[in-house]
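Undergrad: Please find one structure pasted underneath; my questions will follow.
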Amino acid sequence: MKMLTKFESKSSKAKGVAFHPKRPWILVSLHSSTIQLWDYRMGTLIDRFEDHDGPVRGVDFHPTQPYFVSGGDDYSIKVWSLQTRKCLFTLSGHLDYVRTVFFHYDLPWIVSASDDQTIRIWNWQNRQEIACLTGHNHYVMSAKFHPSEDLIVSASLDQTVRVWDITGLRKKHSAPANMRNTYEDQFARQNMPQQDIFGNTDAMVKYVLEGHDKGVNWADFHPTLPLIVSGADDRLVKIWRMSEHKAWEVDTCRGHTNNVPCVLFHPTQDLIISVGEDKTIRTWDLNKRTPVKQFKRDNDRFWLIAAHPEINLFATCHDSGVMVFKLDRERPAHSVHQDSLYFINNEKQVQVYDYRTKKVSLPMLSLKKIGKPWTNFKTLSYNPAEHSILITTGDADNAYYALVSLPKDVTGAIEPTNIREGTANFACFIARNRFVTYVKSTKTLEVLDLNNSVTKSIKLDYTVKDVVYAGPGTVLLLRSNSVIHYDVQQRKELAEIQVNNVKYVSWSADSRYVALLSKHTITIATRKLELVTSMHETIRIKSAEWDESGVLIYSTLNHIKYTLLNGDNGIIKTLASTLYITKVQGRSCFCLNRNGEVEVATIDPTEYRFKKALVNKNFTEVLRIIKNSNLVGQNIIGYLQKKGYPEIALQFVQDPQTRFELSLECGNLDIALEEAKKLNNAVPWSKLGREALGQCNVKIVELVFQQLKQLDRLSFFYLITGDITKLSKMLQISEHRGDLSAIVQNSIYLNDIEKRIKAYLEGGLAPLAYATAKSNGLDELASQIAESSGIAEANIKLPFTEKKFVSLPQVKIPNVNDWPLKQAQLSFFEQAILGQVDALELKDEYQEEARLETAPVDSFGEIDFEDAQDLEEDDGWDLGDEDLDVDIDEVEETLDSEDVPIVAGEVGNWLKNGRTAAVYAAAGQFDRAAQILNKQVGVVEFEPLRERFLDVYQASKLYLAGNQGLDPIPSFIRADTEEDSASEVLPFIPGLDTLEFRLQEGFKLFRAAKLQQAIEEFRTIIYTVVLSTVKTQEEEEKLFQVLQTCREYILGLSIELARRQLPQDQVKRSLELAAYFTRAKLQPAHRVSALQVAMTQSFKHKNFISASYFSGEFLKLVTSGTRAEQAQKIKLKSDQIANDSIEIDFDPYAEFDICAGTFTPIYKGSRFASESLVGAKYQVSEEGKLCSITKITQIGATSSGLRLLN
Amino acid sequence: MDSFSDSGELYQIRQQFFTGQYVNVIESDLLSFSETNREKALEYIVRAYIGLGKYQKARDLSLDSESSQLFQDFVDFLELGADSENAGIEAVIQSPPHSELSLVLGGIYLAKLGRVEESLALLHLHQNSLECVSLIVQLYLITNRVKKAQQELEISSRWAQDSIVHNLAESWVNLTLGGSLYQSSFYFFEEISQQHTSIETLLGLLVVSLQLHHVEESADIVTQLYEVAQLHGIQLDPSVYANEITIGILKGDTSKQEELREKIKQSNPNHPYLLDYEARVEQFDAIVARYHE
């Protein structure tokens, strides 16, 4: 057992402490009269409450409501609001120090214990004292409600523990509703005396527990069992049991060397925890009443201990503050190997979880006897080669490792045998046959073999806090300020990185990166320990794993988060309770919780995948995600903007303002314009104008100036763009508006002197007008002006004379569009979104396939196969009513080994064990294989089987390089990878796993009416089956069925193919073939096609009786839809006419087979020849020919039947 | 101290040599070895060059070697092709006492000429040479004598259990014995191919993955093999192509067979795969003809 301190505050003399039931808060009441509220997770002081006068000894949170209660040496009890952080009211009544205060779990009650020798119960809703329990004849040191029953337990310095029954009190205060109305009852109840003369109406003493020799300081109930624990100044902890009628002392725990001020039961485990003035915290085994462990402080006397109601956390008050801690780690030791998670549950049993099936195994091994009780296992290392585990437990000087083999079959938790143990703080496998241990005290790394004997010992010259596995033969040494990659084999430091206090590490799947986790920091480094990124996390980091795409997913106390290699991170999910991630696969995050169970948290990887794709500039992926998911939220938009991808962000935004800003940022003027119109406000317009100017988008600039009525700018804009016509218009406008300065401006731009002079005159600037006229050589006009102003022209002196005519240079800019200040280019995404990029091919593939599936089948005459798929969803190729006479003879093929040469080694074994043609082919005995096939099913034409023969042969052959210069070592693939016995080994025969797929391919081709290709496909299946080997009769049976399916499809398709190749005039034959096609035993969905051909053909050629029959058959299979309607019509019409114009050789009601060679009916009872591989039937005339279905077998050849079973 | 032990000077270079990391071997700095070990290191370097097919380089370097003549003869032999006997090497074979190098090269020489039994006899002259054991094991395996190979290993395991050379040979035997040993071979190759990534180790991993029917993973390993070859600018072992053909069949994709066969032919026209394949095709032709009448 280990004490893990989570939080410690330094303040003088803490007297009381309480946990908030939900939030990470504790209340600490101090001797100085202050009550503090701490966040123990963040380590921050949230608030202080001061209203008491003198020391505060008791505090308690309300279990559900935002209140807390406190009691102190000022005799008062105060109830506080957590919301307003104020004292709501004070309950007075006690006549001396209040020692403890507690809320009732359910009723609006508070119980308090006081030095005035009483226990009082208060109703905090109406703020009244409802009971005063007297009986103790010294200070009452504690009083607590029972967690579920109407009981109170109290401890007093009178050396007794008392249990009080408060059933009466509950009855009185929760009276039946119907009584409430009568005044008498109310009156009666109010006047009911609180206690009778014996003091026991509402609350009676039930038991008085005597046994302590000195004052008792604390007593508490067990959460579920009828047990009480007490601590006293006699330095003892006593356990009491109670029944319905009596209570008695069970046992005493001795060990404390000074007063025991507080003791409690562990909320979930069979432990007692006590604190003492001897400066120790001690834990005791509840069942054995023996000490488990003690934790000693040098200076601080402990006063109180409190347990968190739900989490494994405790808080103690001592002389210099409070301390929050937990007992032992809660991280289940585990190890991941491929698809399996090996872990130790809370019962100390090893279990395996299969990531694929998402199932957890039964416990397979019990580790209870290893290590010490009450101490969890720290690490687990799995060795797949030996199927064994290496576990470590304990800490400091009491640390052990144990190497245990796992049972081969899981049959429940068995006791381990052959345990190899030793002392070490750390141990893990570093190779298939080696593991390494580390002993802290001696700073020694040792390499051991599986017999637990040391093969190497390395003394390190520095201290290492922990060691973790780091790939074959190497470990990471975790030091307090660095991590060292150490090669144990060569005793060499490979790399080092400066990181503080790393506790856990996680390697990426390809071992390229390692995440180093310390309490609040994640550092990602490469394999060579070069820093990639480092990030800080305010909440404690618990675990981390890499997902398959190389994103680090990590968990903190209350979140699952991710981080990319560049340090970008975010929250994926909020957790109710802490989880330890073991593997991340797609949307599933496989975790272990603190109860030692596997929990699968579903996460949405879209966000981080998106960000990752963006960071890696994998734009096709980005695009795919944009198109296929609904990523939204300020978060993503902000991220995109920050990363410089406003154009992508644009795809997610609706809000015009944001869209406007984003579009400006990516220079997309069209969208900006659109949004500016919506906003229609000066600010966006002017922003748009600026951007448009930059990009030289003349039209928009013009529009903006118009919108903003910035006419002067507009004029200048027209000037620089050389748009004189518009400029003239501007002049007109300004004249119209009578805006003199605008007229002057425009007239300057237009060099229209007369207009300008006119404007000057209108503006009363005659001198200027005069000067203008004069300087532009308009002397006449000048004189007029002078005259009208009443000034003699001679008196006017102009400052210059030399240059007579000043005229503005003609501004004419050829093409402003060529001068953009900014390049606005469509980014990849915009193009993609506009559909201009080939990269969109990623979608095309799908379409292609879809086309294949649903393409309208022109070639198949008038048949429309579109919905044929619906019918064949699930039944595969289960052709129910087969009555083909494939006799499976149990005749053993006697293999005369005359021509089987003796071969040594693997191939020799195969030959010895083989019974099928396939095995012989795989062993290279082609002659023998051919002979077998010839005898079994009459194969005479081998050429089509060439590929299959060679494939079967090659599929089991491998070559291993070996030593330089020599020939490679031949290796083989066996059918069963776990077969050990040489007399059972067989070669691996390929192809069976693809049969299902190929059948589907065949069906697909059938639907697409690619007749010849479909036939080829089915034939390939036949060739594959011919050279195959199976292990069970069922499998063999299934393969025979496959052969029959292939036969029927090839037959049907061949008939249809023949029909299509007929010359136009052979109507009779064509109709016959169409009719025979319907007789092929196809799947219903496919038979529909045959029926439809027959139906429409018959109808077209006025064979109404047949048409009626086929449509009838058709309607049995297709009951609704347009095709059914059509069939209905055909049937109706055909029935009306009811005659056949062409007589064909087809009797729908007779039983017959079709000759696969001549496509003529073989009626029941007539003679026929058959073929043995697929069981095709032929007219007798065909005997001796090559089977047209298989193309390899001879019709009518004597045969013993195919054998596939080996 | 044994210079091959894991803290010894030659540890690393030997590890690299036997795991086929020739590229790393030739980068070793001869001067960093002490006088006593320099000759052995040089041998490894020369042989690494031979392994990479850089015969001229091997020749040049071997001039500094005590076994210079043997190396020259050996390279001559390799360059001339497999059928030509080499008087120089024959002489060395005939004249004891033998150095480890002369046993090894002589053994390879004889095996290449198809004189397997002579080769075995020569190699058996060794005294605690793991490399000789490894060659013996391989020759036994090629000639289908697993039992003998096992015996050989059992003897050497008494004194060399932890050596990589021994472990490799052991894994070859395990691969051949199969069954539950596949799994341990798999872990061995997985471990070693991570530690010493080379064509040879990855090829081992590839073979055992396929034996365990891990087809998808095998395809990934092939990709990795191509990457490694490209990274170092070296030739792939033709056995990789042969195994690739097998993968293709297992995956149902036989479209690349011809191309791969062509690659094998270019790389080593005498590769057992080719000989075997041609024999099968011939055999099949005969069958077709026989039943055709």
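Going through the structure tokens in order, the chains are called A, B, and so on, while each chain numbers its residues from 1 and the ligands are numbered from 1 in the order shown.
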May I have the residues of chain A within 7 Å of chain B, counting only C-alpha atoms, written as a ChimeraX atom specification?
TA: /A:385,432,472,489-490,904-905,926-927,940-943,951,954-955,957-966,969-974,977-980,990
Undergrad: Run DSSP on the backbone and tell me which residues of region 271-337 of chain A come out as strand (DSSP E); list them as a PyMOL selection string.
TA: chain A and resi 271-275+280-285+291-296+302-307+314-318+321-327+334-337
Undergrad: Output N, CA and C atoms for every residue in that selection, as a CSV table (one decimal), in the first residue's frame.
TA:
```csv
chain,number,residue,atom,x,y,z
A,271,LEU,N,-11.2,-1.9,5.0
A,271,LEU,CA,-10.1,-1.3,5.7
A,271,LEU,C,-10.6,-0.3,6.8
A,272,ILE,N,-9.8,-0.1,7.8
A,272,ILE,CA,-10.1,0.9,8.8
A,272,ILE,C,-8.9,1.9,8.7
A,273,ILE,N,-9.2,3.2,8.8
A,273,ILE,CA,-8.1,4.2,8.7
A,273,ILE,C,-8.3,5.0,10.0
A,274,SER,N,-7.2,5.1,10.7
A,274,SER,CA,-7.2,5.9,11.9
A,274,SER,C,-6.1,6.9,11.9
A,275,VAL,N,-6.3,8.0,12.6
A,275,VAL,CA,-5.2,9.0,12.7
A,275,VAL,C,-4.9,9.2,14.2
A,280,THR,N,0.8,9.6,13.3
A,280,THR,CA,0.7,8.6,12.3
A,280,THR,C,-0.7,8.5,11.7
A,281,ILE,N,-0.8,8.0,10.5
A,281,ILE,CA,-2.0,7.5,9.9
A,281,ILE,C,-1.8,6.0,9.8
A,282,ARG,N,-2.8,5.3,10.3
A,282,ARG,CA,-2.6,3.8,10.2
A,282,ARG,C,-3.8,3.2,9.5
A,283,THR,N,-3.5,2.2,8.8
A,283,THR,CA,-4.6,1.4,8.1
A,283,THR,C,-4.6,0.0,8.7
A,284,TRP,N,-5.8,-0.5,8.9
A,284,TRP,CA,-6.0,-1.8,9.5
A,284,TRP,C,-6.9,-2.7,8.6
A,285,ASP,N,-6.7,-3.9,8.6
A,285,ASP,CA,-7.5,-4.9,7.9
A,285,ASP,C,-8.8,-5.1,8.7
A,291,PRO,N,-2.8,-4.6,11.7
A,291,PRO,CA,-2.3,-3.4,11.0
A,291,PRO,C,-1.8,-3.7,9.6
A,292,VAL,N,-2.1,-2.8,8.7
A,292,VAL,CA,-1.7,-3.0,7.3
A,292,VAL,C,-0.5,-2.2,7.0
A,293,LYS,N,-0.6,-0.9,7.4
A,293,LYS,CA,0.5,0.0,7.0
A,293,LYS,C,0.3,1.2,7.9
A,294,GLN,N,1.4,1.9,8.2
A,294,GLN,CA,1.3,3.2,8.9
A,294,GLN,C,2.2,4.2,8.1
A,295,PHE,N,1.7,5.4,8.2
A,295,PHE,CA,2.4,6.5,7.5
A,295,PHE,C,2.7,7.6,8.6
A,296,LYS,N,3.9,7.9,8.7
A,296,LYS,CA,4.3,8.8,9.9
A,296,LYS,C,4.8,10.1,9.4
A,302,PHE,N,-2.1,14.5,14.0
A,302,PHE,CA,-3.3,14.5,13.2
A,302,PHE,C,-4.6,14.6,14.1
A,303,TRP,N,-5.5,15.3,13.6
A,303,TRP,CA,-6.8,15.6,14.4
A,303,TRP,C,-8.0,14.9,13.8
A,304,LEU,N,-8.0,14.8,12.5
A,304,LEU,CA,-9.3,14.4,11.9
A,304,LEU,C,-9.0,13.7,10.6
A,305,ILE,N,-9.8,12.8,10.2
A,305,ILE,CA,-9.7,12.2,8.8
A,305,ILE,C,-11.1,12.2,8.3
A,306,ALA,N,-11.3,12.5,7.0
A,306,ALA,CA,-12.6,12.4,6.3
A,306,ALA,C,-12.4,11.7,5.0
A,307,ALA,N,-13.4,11.0,4.6
A,307,ALA,CA,-13.3,10.2,3.4
A,307,ALA,C,-14.2,10.8,2.3
A,314,PHE,N,-9.0,10.8,0.7
A,314,PHE,CA,-9.1,11.1,2.1
A,314,PHE,C,-8.5,12.4,2.4
A,315,ALA,N,-9.0,13.0,3.4
A,315,ALA,CA,-8.4,14.3,3.9
A,315,ALA,C,-8.1,14.2,5.3
A,316,THR,N,-7.0,14.7,5.8
A,316,THR,CA,-6.7,14.7,7.2
A,316,THR,C,-6.3,16.1,7.6
A,317,CYS,N,-6.7,16.5,8.8
A,317,CYS,CA,-6.2,17.8,9.4
A,317,CYS,C,-5.1,17.5,10.4
A,318,HIS,N,-4.1,18.3,10.3
A,318,HIS,CA,-3.0,18.2,11.3
A,318,HIS,C,-2.6,19.5,11.7
A,321,GLY,N,-1.9,22.1,8.8
A,321,GLY,CA,-2.7,22.2,7.6
A,321,GLY,C,-3.5,21.0,7.3
A,322,VAL,N,-3.9,20.8,6.1
A,322,VAL,CA,-4.6,19.6,5.7
A,322,VAL,C,-3.8,18.9,4.6
A,323,MET,N,-4.2,17.7,4.4
A,323,MET,CA,-3.5,16.9,3.3
A,323,MET,C,-4.6,16.0,2.7
A,324,VAL,N,-4.6,16.0,1.3
A,324,VAL,CA,-5.6,15.1,0.6
A,324,VAL,C,-4.7,14.0,0.0
A,325,PHE,N,-5.1,12.8,0.2
A,325,PHE,CA,-4.3,11.7,-0.3
A,325,PHE,C,-5.2,10.6,-0.8
A,326,LYS,N,-4.6,9.7,-1.5
A,326,LYS,CA,-5.3,8.4,-1.7
A,326,LYS,C,-4.4,7.3,-1.4
A,327,LEU,N,-5.1,6.1,-1.1
A,327,LEU,CA,-4.3,5.0,-0.7
A,327,LEU,C,-4.1,4.1,-2.0
A,334,HIS,N,-1.5,-2.9,-16.9
A,334,HIS,CA,-2.0,-3.5,-18.1
A,334,HIS,C,-0.9,-3.5,-19.2
A,335,SER,N,-1.1,-4.3,-20.3
A,335,SER,CA,-0.2,-4.3,-21.3
A,335,SER,C,-1.0,-4.7,-22.6
A,336,VAL,N,-0.6,-4.0,-23.7
A,336,VAL,CA,-1.4,-4.2,-24.9
A,336,VAL,C,-0.5,-5.1,-25.9
A,337,HIS,N,-1.1,-6.1,-26.4
A,337,HIS,CA,-0.3,-6.8,-27.4
A,337,HIS,C,-1.3,-7.1,-28.6
```
Undergrad: For His20 (chain A), list every protein, DNA or RNA residue within 12 Å, evaluated using only C-alpha atoms, and leave out those in the same chain fewer than 4 positions away; present the list as a list in words.
TA: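 Contacts, with the query itself left out: Pro24, Trp25, Ile26, Leu27, Val28, Leu37, Trp38, Asp39, Tyr40, Val59, Asp60, Phe61, His62, Pro63, Thr64, Gln65, Pro66, Tyr67, Phe68, Leu82, Ala306, Ala307, His308, Pro309, Glu310, Ile311, Leu313, Phe314 and Ala315 of chain A.
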Undergrad: Show which residues sit within 9 Å of Tyr353 (chain A), as a PyMOL selection string. Count only C-alpha atoms, and ignore same-chain residues fewer than 3 positions away.
TA: chain A and resi 339-343+356-361+598
